[in-house]
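Raw contents of coords16.pdb, PDB, C-alpha atoms, pLDDT in the B column:
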```
ATOM      1  CA  VAL A 279      46.677 -45.085 -47.558  1.00 93.00           C
ATOM      2  CA  ASP A 280      49.170 -45.945 -50.283  1.00 95.00           C
ATOM      3  CA  TYR A 281      48.558 -42.666 -52.093  1.00 97.00           C
ATOM      4  CA  ALA A 282      50.297 -41.643 -55.314  1.00 97.00           C
ATOM      5  CA  LEU A 283      53.543 -39.713 -54.924  1.00 96.00           C
ATOM      6  CA  ALA A 284      55.063 -36.669 -56.587  1.00 96.00           C
ATOM      7  CA  PRO A 285      56.543 -35.825 -58.981  1.00 95.00           C
ATOM      8  CA  GLU A 286      54.699 -38.382 -61.107  1.00 97.00           C
ATOM      9  CA  HIS A 287      51.402 -37.444 -59.436  1.00 97.00           C
ATOM     10  CA  ARG A 288      51.008 -33.872 -58.274  1.00 97.00           C
ATOM     11  CA  PHE A 289      48.531 -31.993 -56.090  1.00 98.00           C
ATOM     12  CA  PRO A 290      45.666 -32.812 -55.666  1.00 98.00           C
ATOM     13  CA  VAL A 291      45.968 -36.458 -56.800  1.00 98.00           C
ATOM     14  CA  ALA A 292      47.062 -37.829 -53.421  1.00 98.00           C
ATOM     15  CA  LEU A 293      44.358 -35.867 -51.616  1.00 98.00           C
ATOM     16  CA  ARG A 294      41.640 -37.150 -53.928  1.00 98.00           C
ATOM     17  CA  GLU A 295      42.809 -40.715 -53.383  1.00 98.00           C
ATOM     18  CA  CYS A 296      42.646 -40.230 -49.612  1.00 98.00           C
ATOM     19  CA  GLU A 297      39.207 -38.643 -49.993  1.00 98.00           C
ATOM     20  CA  ALA A 298      38.054 -41.758 -51.860  1.00 98.00           C
ATOM     21  CA  VAL A 299      39.308 -43.989 -49.045  1.00 98.00           C
ATOM     22  CA  VAL A 300      37.379 -42.020 -46.420  1.00 98.00           C
ATOM     23  CA  THR A 301      34.220 -42.160 -48.547  1.00 98.00           C
ATOM     24  CA  TRP A 302      34.713 -45.912 -49.082  1.00 98.00           C
ATOM     25  CA  THR A 303      35.201 -46.509 -45.356  1.00 98.00           C
ATOM     26  CA  PHE A 304      32.003 -44.706 -44.407  1.00 98.00           C
ATOM     27  CA  ALA A 305      30.044 -46.514 -47.133  1.00 98.00           C
ATOM     28  CA  ARG A 306      31.231 -49.931 -45.914  1.00 97.00           C
ATOM     29  CA  ALA A 307      31.348 -49.237 -42.203  1.00 97.00           C
ATOM     30  CA  GLY A 308      28.867 -51.991 -41.342  1.00 96.00           C
ATOM     31  CA  GLU A 309      30.737 -54.570 -43.391  1.00 97.00           C
ATOM     32  CA  LEU A 310      34.029 -53.519 -41.800  1.00 96.00           C
ATOM     33  CA  GLY A 311      32.657 -53.417 -38.260  1.00 95.00           C
ATOM     34  CA  VAL A 312      33.518 -49.716 -38.008  1.00 93.00           C
ATOM     35  CA  ARG A 313      31.510 -47.127 -36.083  1.00 94.00           C
ATOM     36  CA  THR A 314      30.806 -44.163 -38.348  1.00 95.00           C
ATOM     37  CA  ASP A 315      30.765 -41.880 -35.311  1.00 94.00           C
ATOM     38  CA  ALA A 316      34.371 -42.759 -34.469  1.00 94.00           C
ATOM     39  CA  ILE A 317      36.273 -42.520 -37.759  1.00 96.00           C
ATOM     40  CA  SER A 318      39.412 -40.402 -37.549  1.00 97.00           C
ATOM     41  CA  VAL A 319      42.287 -39.634 -39.905  1.00 98.00           C
ATOM     42  CA  GLY A 320      45.958 -39.199 -39.232  1.00 97.00           C
ATOM     43  CA  GLY A 321      49.363 -39.007 -40.774  1.00 97.00           C
ATOM     44  CA  ASP A 322      52.879 -37.748 -40.351  1.00 97.00           C
ATOM     45  CA  SER A 323      54.632 -34.971 -42.292  1.00 97.00           C
ATOM     46  CA  ALA A 324      53.059 -34.949 -45.780  1.00 96.00           C
ATOM     47  CA  GLY A 325      50.502 -37.420 -44.462  1.00 98.00           C
ATOM     48  CA  GLY A 326      49.647 -34.936 -41.731  1.00 98.00           C
ATOM     49  CA  ASN A 327      49.024 -32.364 -44.448  1.00 98.00           C
ATOM     50  CA  LEU A 328      46.629 -34.725 -46.207  1.00 98.00           C
ATOM     51  CA  ALA A 329      44.846 -35.630 -42.969  1.00 98.00           C
ATOM     52  CA  ALA A 330      44.319 -31.970 -42.068  1.00 98.00           C
ATOM     53  CA  ALA A 331      43.016 -31.259 -45.564  1.00 98.00           C
ATOM     54  CA  LEU A 332      40.584 -34.174 -45.311  1.00 98.00           C
ATOM     55  CA  THR A 333      39.002 -32.669 -42.222  1.00 98.00           C
ATOM     56  CA  LEU A 334      38.330 -29.508 -44.236  1.00 98.00           C
ATOM     57  CA  LEU A 335      36.914 -31.512 -47.135  1.00 98.00           C
ATOM     58  CA  PHE A 336      34.492 -33.504 -44.993  1.00 98.00           C
ATOM     59  CA  ARG A 337      33.521 -30.767 -42.507  1.00 98.00           C
ATOM     60  CA  GLY A 338      29.766 -30.444 -42.242  1.00 96.00           C
ATOM     61  CA  THR A 339      29.052 -33.565 -44.303  1.00 97.00           C
ATOM     62  CA  ALA A 340      27.595 -36.959 -43.421  1.00 95.00           C
ATOM     63  CA  GLN A 341      31.189 -38.212 -43.403  1.00 97.00           C
ATOM     64  CA  ALA A 342      32.476 -35.651 -40.909  1.00 95.00           C
ATOM     65  CA  LEU A 343      35.490 -37.075 -39.109  1.00 97.00           C
ATOM     66  CA  LYS A 344      35.807 -37.633 -35.366  1.00 97.00           C
ATOM     67  CA  GLY A 345      39.466 -36.733 -34.926  1.00 98.00           C
ATOM     68  CA  GLN A 346      42.701 -35.793 -36.620  1.00 98.00           C
ATOM     69  CA  LEU A 347      46.132 -37.077 -35.587  1.00 98.00           C
ATOM     70  CA  LEU A 348      48.813 -34.850 -37.044  1.00 98.00           C
ATOM     71  CA  PHE A 349      52.462 -35.767 -36.492  1.00 98.00           C
ATOM     72  CA  TYR A 350      54.845 -32.907 -37.388  1.00 98.00           C
ATOM     73  CA  PRO A 351      52.443 -31.845 -40.155  1.00 98.00           C
ATOM     74  CA  VAL A 352      53.067 -29.565 -43.106  1.00 96.00           C
ATOM     75  CA  VAL A 353      50.198 -27.084 -42.934  1.00 98.00           C
ATOM     76  CA  GLU A 354      51.427 -23.882 -44.557  1.00 95.00           C
ATOM     77  CA  PHE A 355      54.887 -24.299 -46.180  1.00 89.00           C
ATOM     78  CA  ASN A 356      56.095 -21.154 -44.398  1.00 89.00           C
ATOM     79  CA  THR A 357      59.888 -21.020 -44.133  1.00 93.00           C
ATOM     80  CA  GLY A 358      59.774 -17.674 -42.328  1.00 94.00           C
ATOM     81  CA  ARG A 359      59.054 -19.078 -38.879  1.00 96.00           C
ATOM     82  CA  PRO A 360      61.887 -19.218 -36.312  1.00 97.00           C
ATOM     83  CA  SER A 361      62.061 -23.008 -36.296  1.00 97.00           C
ATOM     84  CA  PHE A 362      63.114 -22.943 -39.946  1.00 96.00           C
ATOM     85  CA  THR A 363      66.069 -20.752 -39.001  1.00 96.00           C
ATOM     86  CA  GLU A 364      66.962 -22.775 -35.896  1.00 97.00           C
ATOM     87  CA  ASN A 365      66.773 -26.085 -37.772  1.00 97.00           C
ATOM     88  CA  ALA A 366      67.638 -24.932 -41.282  1.00 96.00           C
ATOM     89  CA  ASP A 367      69.813 -27.993 -41.885  1.00 96.00           C
ATOM     90  CA  GLY A 368      67.291 -30.531 -40.689  1.00 93.00           C
ATOM     91  CA  PRO A 369      67.812 -33.382 -40.227  1.00 93.00           C
ATOM     92  CA  ILE A 370      65.357 -34.866 -42.789  1.00 94.00           C
ATOM     93  CA  ILE A 371      63.846 -31.546 -43.936  1.00 94.00           C
ATOM     94  CA  THR A 372      66.044 -28.567 -44.799  1.00 95.00           C
ATOM     95  CA  ALA A 373      65.056 -24.985 -45.479  1.00 94.00           C
ATOM     96  CA  ALA A 374      67.009 -25.025 -48.728  1.00 94.00           C
ATOM     97  CA  GLY A 375      65.104 -28.043 -49.975  1.00 94.00           C
ATOM     98  CA  VAL A 376      61.592 -26.625 -49.596  1.00 94.00           C
ATOM     99  CA  PRO A 377      61.393 -24.759 -52.960  1.00 94.00           C
ATOM    100  CA  ALA A 378      62.336 -27.898 -54.896  1.00 95.00           C
ATOM    101  CA  THR A 379      59.818 -29.963 -52.944  1.00 94.00           C
ATOM    102  CA  LEU A 380      57.075 -27.450 -53.697  1.00 94.00           C
ATOM    103  CA  ALA A 381      57.963 -27.430 -57.377  1.00 95.00           C
ATOM    104  CA  LEU A 382      57.698 -31.217 -57.523  1.00 96.00           C
ATOM    105  CA  TYR A 383      54.437 -31.530 -55.587  1.00 97.00           C
ATOM    106  CA  CYS A 384      52.592 -28.377 -56.615  1.00 97.00           C
ATOM    107  CA  PRO A 385      54.170 -26.563 -59.572  1.00 96.00           C
ATOM    108  CA  ASN A 386      51.101 -24.373 -60.102  1.00 95.00           C
ATOM    109  CA  THR A 387      51.722 -21.471 -57.707  1.00 94.00           C
ATOM    110  CA  ALA A 388      48.027 -20.502 -57.738  1.00 96.00           C
ATOM    111  CA  ASP A 389      47.184 -23.879 -56.183  1.00 96.00           C
ATOM    112  CA  ARG A 390      49.426 -23.051 -53.242  1.00 96.00           C
ATOM    113  CA  GLU A 391      46.780 -20.610 -52.006  1.00 96.00           C
ATOM    114  CA  ASN A 392      44.254 -23.447 -51.748  1.00 97.00           C
ATOM    115  CA  PRO A 393      43.502 -24.453 -48.123  1.00 98.00           C
ATOM    116  CA  LEU A 394      43.407 -28.067 -49.267  1.00 98.00           C
ATOM    117  CA  PHE A 395      47.081 -27.633 -50.129  1.00 98.00           C
ATOM    118  CA  ALA A 396      47.935 -25.539 -47.056  1.00 98.00           C
ATOM    119  CA  PRO A 397      45.248 -26.080 -44.369  1.00 98.00           C
ATOM    120  CA  MET A 398      46.466 -23.094 -42.340  1.00 98.00           C
ATOM    121  CA  LEU A 399      45.079 -20.865 -45.112  1.00 98.00           C
ATOM    122  CA  ALA A 400      41.441 -21.840 -44.520  1.00 98.00           C
ATOM    123  CA  GLU A 401      39.337 -18.783 -43.701  1.00 97.00           C
ATOM    124  CA  ASP A 402      37.741 -20.571 -40.750  1.00 97.00           C
ATOM    125  CA  HIS A 403      38.720 -23.670 -38.823  1.00 98.00           C
ATOM    126  CA  ALA A 404      35.580 -23.845 -36.691  1.00 98.00           C
ATOM    127  CA  GLY A 405      33.746 -27.137 -36.716  1.00 98.00           C
ATOM    128  CA  LEU A 406      36.796 -29.253 -37.438  1.00 98.00           C
ATOM    129  CA  PRO A 407      37.324 -32.463 -35.458  1.00 98.00           C
ATOM    130  CA  ALA A 408      39.359 -32.663 -32.279  1.00 98.00           C
ATOM    131  CA  ALA A 409      43.082 -32.696 -32.986  1.00 98.00           C
ATOM    132  CA  TYR A 410      46.180 -34.307 -31.557  1.00 98.00           C
ATOM    133  CA  ILE A 411      49.177 -32.441 -32.938  1.00 98.00           C
ATOM    134  CA  ALA A 412      52.595 -33.904 -32.234  1.00 98.00           C
ATOM    135  CA  ILE A 413      55.499 -31.662 -33.168  1.00 98.00           C
ATOM    136  CA  ALA A 414      59.250 -32.179 -32.746  1.00 98.00           C
ATOM    137  CA  GLU A 415      61.608 -29.814 -30.943  1.00 98.00           C
ATOM    138  CA  HIS A 416      64.383 -30.029 -33.562  1.00 98.00           C
ATOM    139  CA  ASP A 417      62.201 -29.773 -36.667  1.00 98.00           C
ATOM    140  CA  PRO A 418      61.892 -26.911 -39.172  1.00 97.00           C
ATOM    141  CA  LEU A 419      58.103 -27.544 -39.115  1.00 97.00           C
ATOM    142  CA  ARG A 420      57.840 -27.208 -35.321  1.00 98.00           C
ATOM    143  CA  ASP A 421      56.463 -23.662 -35.243  1.00 98.00           C
ATOM    144  CA  GLU A 422      53.856 -24.111 -37.950  1.00 97.00           C
ATOM    145  CA  GLY A 423      52.527 -27.175 -36.134  1.00 98.00           C
ATOM    146  CA  ARG A 424      52.282 -25.144 -32.946  1.00 98.00           C
ATOM    147  CA  ALA A 425      50.657 -22.241 -34.829  1.00 98.00           C
ATOM    148  CA  TYR A 426      48.099 -24.616 -36.321  1.00 98.00           C
ATOM    149  CA  ALA A 427      47.239 -25.892 -32.859  1.00 98.00           C
ATOM    150  CA  ASP A 428      46.724 -22.279 -31.731  1.00 98.00           C
ATOM    151  CA  ARG A 429      44.550 -21.546 -34.776  1.00 98.00           C
ATOM    152  CA  LEU A 430      42.331 -24.553 -34.144  1.00 98.00           C
ATOM    153  CA  ARG A 431      41.966 -23.718 -30.463  1.00 98.00           C
ATOM    154  CA  ALA A 432      41.026 -20.134 -31.315  1.00 98.00           C
ATOM    155  CA  CYS A 433      38.181 -21.539 -33.419  1.00 98.00           C
ATOM    156  CA  GLY A 434      36.904 -23.755 -30.613  1.00 98.00           C
ATOM    157  CA  VAL A 435      38.486 -27.025 -31.730  1.00 98.00           C
ATOM    158  CA  PRO A 436      39.759 -29.220 -28.870  1.00 98.00           C
ATOM    159  CA  VAL A 437      43.508 -29.695 -29.323  1.00 98.00           C
ATOM    160  CA  GLU A 438      46.134 -31.699 -27.511  1.00 98.00           C
ATOM    161  CA  LEU A 439      49.682 -30.619 -28.358  1.00 98.00           C
ATOM    162  CA  ASP A 440      52.688 -32.893 -27.845  1.00 98.00           C
ATOM    163  CA  ALA A 441      55.877 -30.788 -27.887  1.00 97.00           C
ATOM    164  CA  GLY A 442      58.180 -33.665 -28.875  1.00 97.00           C
ATOM    165  CA  ALA A 443      61.039 -32.638 -26.594  1.00 96.00           C
ATOM    166  CA  GLY A 444      64.386 -33.732 -28.011  1.00 96.00           C
ATOM    167  CA  LEU A 445      62.864 -35.252 -31.148  1.00 97.00           C
ATOM    168  CA  ILE A 446      63.367 -34.600 -34.874  1.00 98.00           C
ATOM    169  CA  HIS A 447      61.151 -34.663 -37.939  1.00 97.00           C
ATOM    170  CA  GLY A 448      60.124 -38.181 -38.937  1.00 97.00           C
ATOM    171  CA  TYR A 449      60.667 -39.548 -35.453  1.00 98.00           C
ATOM    172  CA  LEU A 450      57.971 -42.232 -35.698  1.00 97.00           C
ATOM    173  CA  ARG A 451      60.420 -44.289 -37.730  1.00 96.00           C
ATOM    174  CA  ALA A 452      62.656 -44.538 -34.664  1.00 97.00           C
ATOM    175  CA  MET A 453      60.063 -46.316 -32.527  1.00 95.00           C
ATOM    176  CA  PRO A 454      61.974 -49.629 -32.249  1.00 96.00           C
ATOM    177  CA  TYR A 455      64.969 -47.981 -30.598  1.00 96.00           C
ATOM    178  CA  CYS A 456      63.785 -44.701 -29.022  1.00 97.00           C
ATOM    179  CA  LYS A 457      61.889 -44.628 -25.731  1.00 96.00           C
ATOM    180  CA  ALA A 458      60.756 -41.019 -26.254  1.00 96.00           C
ATOM    181  CA  VAL A 459      59.115 -41.967 -29.550  1.00 97.00           C
ATOM    182  CA  ARG A 460      57.329 -44.916 -27.999  1.00 97.00           C
ATOM    183  CA  GLY A 461      56.069 -42.578 -25.291  1.00 96.00           C
ATOM    184  CA  SER A 462      54.743 -40.152 -27.886  1.00 96.00           C
ATOM    185  CA  PHE A 463      52.957 -42.940 -29.744  1.00 96.00           C
ATOM    186  CA  ALA A 464      51.453 -44.287 -26.512  1.00 96.00           C
ATOM    187  CA  ARG A 465      50.079 -40.835 -25.693  1.00 96.00           C
ATOM    188  CA  VAL A 466      48.388 -40.446 -29.055  1.00 96.00           C
ATOM    189  CA  CYS A 467      46.888 -43.938 -28.793  1.00 96.00           C
ATOM    190  CA  ASP A 468      45.515 -43.055 -25.355  1.00 97.00           C
ATOM    191  CA  TRP A 469      44.036 -39.835 -26.772  1.00 97.00           C
ATOM    192  CA  LEU A 470      42.420 -41.707 -29.653  1.00 95.00           C
ATOM    193  CA  GLY A 471      40.925 -44.259 -27.290  1.00 94.00           C
ATOM    194  CA  ARG A 472      39.423 -41.540 -25.136  1.00 95.00           C
ATOM    195  CA  LEU A 473      38.117 -39.712 -28.193  1.00 95.00           C
ATOM    196  CA  ALA A 474      36.402 -42.802 -29.560  1.00 89.00           C
ATOM    197  CA  VAL A 475      34.076 -43.070 -26.565  1.00 87.00           C
ATOM    198  CA  GLN A 476      32.976 -39.438 -26.704  1.00 79.00           C
ATOM    199  CA  PRO A 477      29.805 -38.520 -28.621  1.00 71.00           C
ATOM    200  CA  LYS A 478      30.571 -36.907 -31.982  1.00 61.00           C
ATOM    201  CA  ALA A 479      29.690 -33.218 -32.161  1.00 60.00           C
ATOM    202  CA  VAL A 480      26.787 -32.335 -34.442  1.00 54.00           C
TER     203      VAL A 480
END
```
Rewrite the structure from the file as structure tokens, please.
Amino acid sequence: VDYALAPEHRFPVALRECEAVVTWTFARAGELGVRTDAISVGGDSAGGNLAAALTLLFRGTAQALKGQLLFYPVVEFNTGRPSFTENADGPIITAAGVPATLALYCPNTADRENPLFAPMLAEDHAGLPAAYIAIAEHDPLRDEGRAYADRLRACGVPVELDAGAGLIHGYLRAMPYCKAVRGSFARVCDWLGRLAVQPKAV
């Protein structure tokens, strides 16, 4: 989804645009040749944040999603976890840069308590779709991705966690020249294929 970017368009503009795309896809599933019982969402980094939020938005509706593919997602904006200390200087994301990023994307501090901004903050994660969460060993966001996987599992959500050994934030962009990245992508594609043939929970 070519969603609008901050700082010109701030939370929740991008989320609402993604919500509209999901709604559109379900409404035109027959025309598109898409099975409504196999529609999943996914994204990396900020896109992972939006994908996770979409599963909360559509939970329990006629457009409930089948799966969520979250690559090194931002789910709570918590710089207090050990991975932020271990990887404070990135690469890509730095601990020092988080406050400025937050100010650009979500200047209203009250909105930062909204689970649609930080999906980890949802009171309950039960009933969300199966998740594939791919984190990266050398990423400030590593521990919050792992914590989100634990939270989903604790609420009965099936989760597959890819630890991303040796990888950094944003690693999907290295697919043409990194065997480890291609392996990660192959694993998530295999997971999605297996998920698509399973009946959707009701």
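Rounded to one decimal, CA of Tyr410 (chain A) and CA of Lys344 (chain A) lie 11.5 Å from each other.
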(request) Tell me which protein, DNA and RNA residues are within 7 Å of region 368-378 of chain A, counting all atoms listed in the file, leaving out same-chain ones fewer than 6 positions away, and put them as a ChimeraX atom specification. (result) /A:357,362,417-418,447
Just the residues within 8 Å of region 422-439 of chain A, please, counting all atoms listed in the file, with nothing from its chain fewer than 2 positions along; format it as a PDB file with C-alpha atoms, in the frame of the given file.
```pdb
ATOM      1  CA  TYR A 350      54.845 -32.907 -37.388  1.00 98.00           C
ATOM      2  CA  PRO A 351      52.443 -31.845 -40.155  1.00 98.00           C
ATOM      3  CA  VAL A 352      53.067 -29.565 -43.106  1.00 96.00           C
ATOM      4  CA  VAL A 353      50.198 -27.084 -42.934  1.00 98.00           C
ATOM      5  CA  GLU A 354      51.427 -23.882 -44.557  1.00 95.00           C
ATOM      6  CA  ASN A 356      56.095 -21.154 -44.398  1.00 89.00           C
ATOM      7  CA  ARG A 359      59.054 -19.078 -38.879  1.00 96.00           C
ATOM      8  CA  MET A 398      46.466 -23.094 -42.340  1.00 98.00           C
ATOM      9  CA  ASP A 402      37.741 -20.571 -40.750  1.00 97.00           C
ATOM     10  CA  HIS A 403      38.720 -23.670 -38.823  1.00 98.00           C
ATOM     11  CA  ALA A 404      35.580 -23.845 -36.691  1.00 98.00           C
ATOM     12  CA  GLY A 405      33.746 -27.137 -36.716  1.00 98.00           C
ATOM     13  CA  LEU A 406      36.796 -29.253 -37.438  1.00 98.00           C
ATOM     14  CA  PRO A 407      37.324 -32.463 -35.458  1.00 98.00           C
ATOM     15  CA  ALA A 408      39.359 -32.663 -32.279  1.00 98.00           C
ATOM     16  CA  ALA A 409      43.082 -32.696 -32.986  1.00 98.00           C
ATOM     17  CA  TYR A 410      46.180 -34.307 -31.557  1.00 98.00           C
ATOM     18  CA  ILE A 411      49.177 -32.441 -32.938  1.00 98.00           C
ATOM     19  CA  ALA A 412      52.595 -33.904 -32.234  1.00 98.00           C
ATOM     20  CA  ILE A 413      55.499 -31.662 -33.168  1.00 98.00           C
ATOM     21  CA  LEU A 419      58.103 -27.544 -39.115  1.00 97.00           C
ATOM     22  CA  ARG A 420      57.840 -27.208 -35.321  1.00 98.00           C
ATOM     23  CA  ALA A 441      55.877 -30.788 -27.887  1.00 97.00           C
TER      24      ALA A 441
END
```
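Rounded to one decimal, CA of Ser462 (chain A) and CA of Arg294 (chain A) lie 29.3 Å from each other.
Shortest atom-to-atom contact with Val300 (chain A) among A:Val466, A:Leu382, A:Ala316, A:Leu343: A:Leu343, counting all atoms listed in the file.
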(request) Could you tell me which residues the PyMOL selection byres ((chain A and resi 340) around 12) returns for this structure, as a ChimeraX atom specification? (result) /A:300-301,304-305,314-315,317,335-339,341-344,478,480
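Take CA of Leu283 (chain A) and CA of Asn365 (chain A): the distance between them is 25.6 Å.
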(request) Please evaluate the PyMOL selection byres ((chain A and resi 458) around 12) against the structure above and give the resulting residues as number ranges by chain. (result) A: 414, 440-446, 449-457, 459-465
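Closest approach to Ala388 (chain A) from the set A:Ala282, A:Glu364, A:Ala307, A:Phe289 is made by A:Phe289, with distances taken over only C-alpha atoms.
Evaluated against the shown file, the PyMOL selection byres ((chain A and resi 279) around 7) gives A:Asp280, A:Tyr281, A:Cys296.
Taking all atoms listed in the file into account, Glu415 (chain A) lies nearest to A:Gly448 out of the set A:Pro393, A:Gly358, A:Gly448, A:Gly325.
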Assuming 3 Å of padding per side, give the centre and edge lengths of the axis-aligned box around every listed atom of region 451-468 of chain A, in Å to one decimal and as lines of an AutoDock Vina configuration file.
```
center_x = 55.2
center_y = -44.9
center_z = -31.5
size_x = 25.5
size_y = 15.5
size_z = 18.4
```
(request) Pick out the residues sitting within 9 Å of Gly320 (chain A), and hand them over as a PyMOL selection string; count all atoms listed in the file, and ignore anything fewer than 2 positions along from it in its own chain. (result) chain A and resi 318+322+325-326+328-330+345-349
(message) Calculated over all atoms listed in the file, which of the candidates A:Ser361, A:Thr333, A:Thr303, A:Arg313 has the smallest distance to Pro477 (chain A)?
(response) A:Arg313
Take region 452-471 of chain A from the block and save it with N, CA and C atoms, as a PDB file, in the first residue's frame.
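What ended up in part.pdb:
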```pdb
ATOM      1  N   ALA A 452      18.080  -6.208   1.338  1.00  0.00           N
ATOM      2  CA  ALA A 452      19.345  -6.840   0.948  1.00  0.00           C
ATOM      3  C   ALA A 452      19.130  -8.179   0.250  1.00  0.00           C
ATOM      4  N   MET A 453      17.906  -8.479  -0.130  1.00  0.00           N
ATOM      5  CA  MET A 453      17.613  -9.795  -0.701  1.00  0.00           C
ATOM      6  C   MET A 453      18.466 -10.141  -1.924  1.00  0.00           C
ATOM      7  N   PRO A 454      18.757  -9.200  -2.830  1.00  0.00           N
ATOM      8  CA  PRO A 454      19.522  -9.578  -4.020  1.00  0.00           C
ATOM      9  C   PRO A 454      20.928 -10.091  -3.724  1.00  0.00           C
ATOM     10  N   TYR A 455      21.493  -9.703  -2.582  1.00  0.00           N
ATOM     11  CA  TYR A 455      22.888 -10.067  -2.334  1.00  0.00           C
ATOM     12  C   TYR A 455      23.142 -10.688  -0.962  1.00  0.00           C
ATOM     13  N   CYS A 456      22.090 -11.180  -0.294  1.00  0.00           N
ATOM     14  CA  CYS A 456      22.279 -11.791   1.028  1.00  0.00           C
ATOM     15  C   CYS A 456      21.496 -13.093   1.121  1.00  0.00           C
ATOM     16  N   LYS A 457      22.209 -14.195   1.214  1.00  0.00           N
ATOM     17  CA  LYS A 457      21.579 -15.517   1.272  1.00  0.00           C
ATOM     18  C   LYS A 457      20.687 -15.667   2.496  1.00  0.00           C
ATOM     19  N   ALA A 458      21.117 -15.120   3.636  1.00  0.00           N
ATOM     20  CA  ALA A 458      20.323 -15.231   4.866  1.00  0.00           C
ATOM     21  C   ALA A 458      18.972 -14.542   4.717  1.00  0.00           C
ATOM     22  N   VAL A 459      18.942 -13.427   4.012  1.00  0.00           N
ATOM     23  CA  VAL A 459      17.687 -12.711   3.789  1.00  0.00           C
ATOM     24  C   VAL A 459      16.772 -13.513   2.872  1.00  0.00           C
ATOM     25  N   ARG A 460      17.335 -14.079   1.831  1.00  0.00           N
ATOM     26  CA  ARG A 460      16.527 -14.902   0.934  1.00  0.00           C
ATOM     27  C   ARG A 460      15.950 -16.099   1.680  1.00  0.00           C
ATOM     28  N   GLY A 461      16.728 -16.651   2.600  1.00  0.00           N
ATOM     29  CA  GLY A 461      16.224 -17.762   3.407  1.00  0.00           C
ATOM     30  C   GLY A 461      15.059 -17.333   4.290  1.00  0.00           C
ATOM     31  N   SER A 462      15.179 -16.158   4.892  1.00  0.00           N
ATOM     32  CA  SER A 462      14.104 -15.641   5.728  1.00  0.00           C
ATOM     33  C   SER A 462      12.836 -15.445   4.918  1.00  0.00           C
ATOM     34  N   PHE A 463      12.979 -14.862   3.727  1.00  0.00           N
ATOM     35  CA  PHE A 463      11.815 -14.611   2.879  1.00  0.00           C
ATOM     36  C   PHE A 463      11.183 -15.919   2.411  1.00  0.00           C
ATOM     37  N   ALA A 464      12.002 -16.917   2.111  1.00  0.00           N
ATOM     38  CA  ALA A 464      11.472 -18.218   1.697  1.00  0.00           C
ATOM     39  C   ALA A 464      10.670 -18.858   2.828  1.00  0.00           C
ATOM     40  N   ARG A 465      11.144 -18.699   4.058  1.00  0.00           N
ATOM     41  CA  ARG A 465      10.432 -19.284   5.198  1.00  0.00           C
ATOM     42  C   ARG A 465       9.064 -18.632   5.399  1.00  0.00           C
ATOM     43  N   VAL A 466       9.013 -17.318   5.258  1.00  0.00           N
ATOM     44  CA  VAL A 466       7.722 -16.657   5.454  1.00  0.00           C
ATOM     45  C   VAL A 466       6.759 -17.002   4.317  1.00  0.00           C
ATOM     46  N   CYS A 467       7.270 -17.165   3.104  1.00  0.00           N
ATOM     47  CA  CYS A 467       6.408 -17.563   1.995  1.00  0.00           C
ATOM     48  C   CYS A 467       5.857 -18.973   2.209  1.00  0.00           C
ATOM     49  N   ASP A 468       6.701 -19.862   2.734  1.00  0.00           N
ATOM     50  CA  ASP A 468       6.247 -21.216   3.049  1.00  0.00           C
ATOM     51  C   ASP A 468       5.159 -21.183   4.119  1.00  0.00           C
ATOM     52  N   TRP A 469       5.371 -20.360   5.148  1.00  0.00           N
ATOM     53  CA  TRP A 469       4.369 -20.220   6.218  1.00  0.00           C
ATOM     54  C   TRP A 469       3.050 -19.707   5.655  1.00  0.00           C
ATOM     55  N   LEU A 470       3.116 -18.703   4.791  1.00  0.00           N
ATOM     56  CA  LEU A 470       1.898 -18.127   4.237  1.00  0.00           C
ATOM     57  C   LEU A 470       1.162 -19.137   3.367  1.00  0.00           C
ATOM     58  N   GLY A 471       1.908 -19.939   2.619  1.00  0.00           N
ATOM     59  CA  GLY A 471       1.280 -20.968   1.812  1.00  0.00           C
ATOM     60  C   GLY A 471       0.565 -22.004   2.654  1.00  0.00           C
TER      61      GLY A 471
END
```
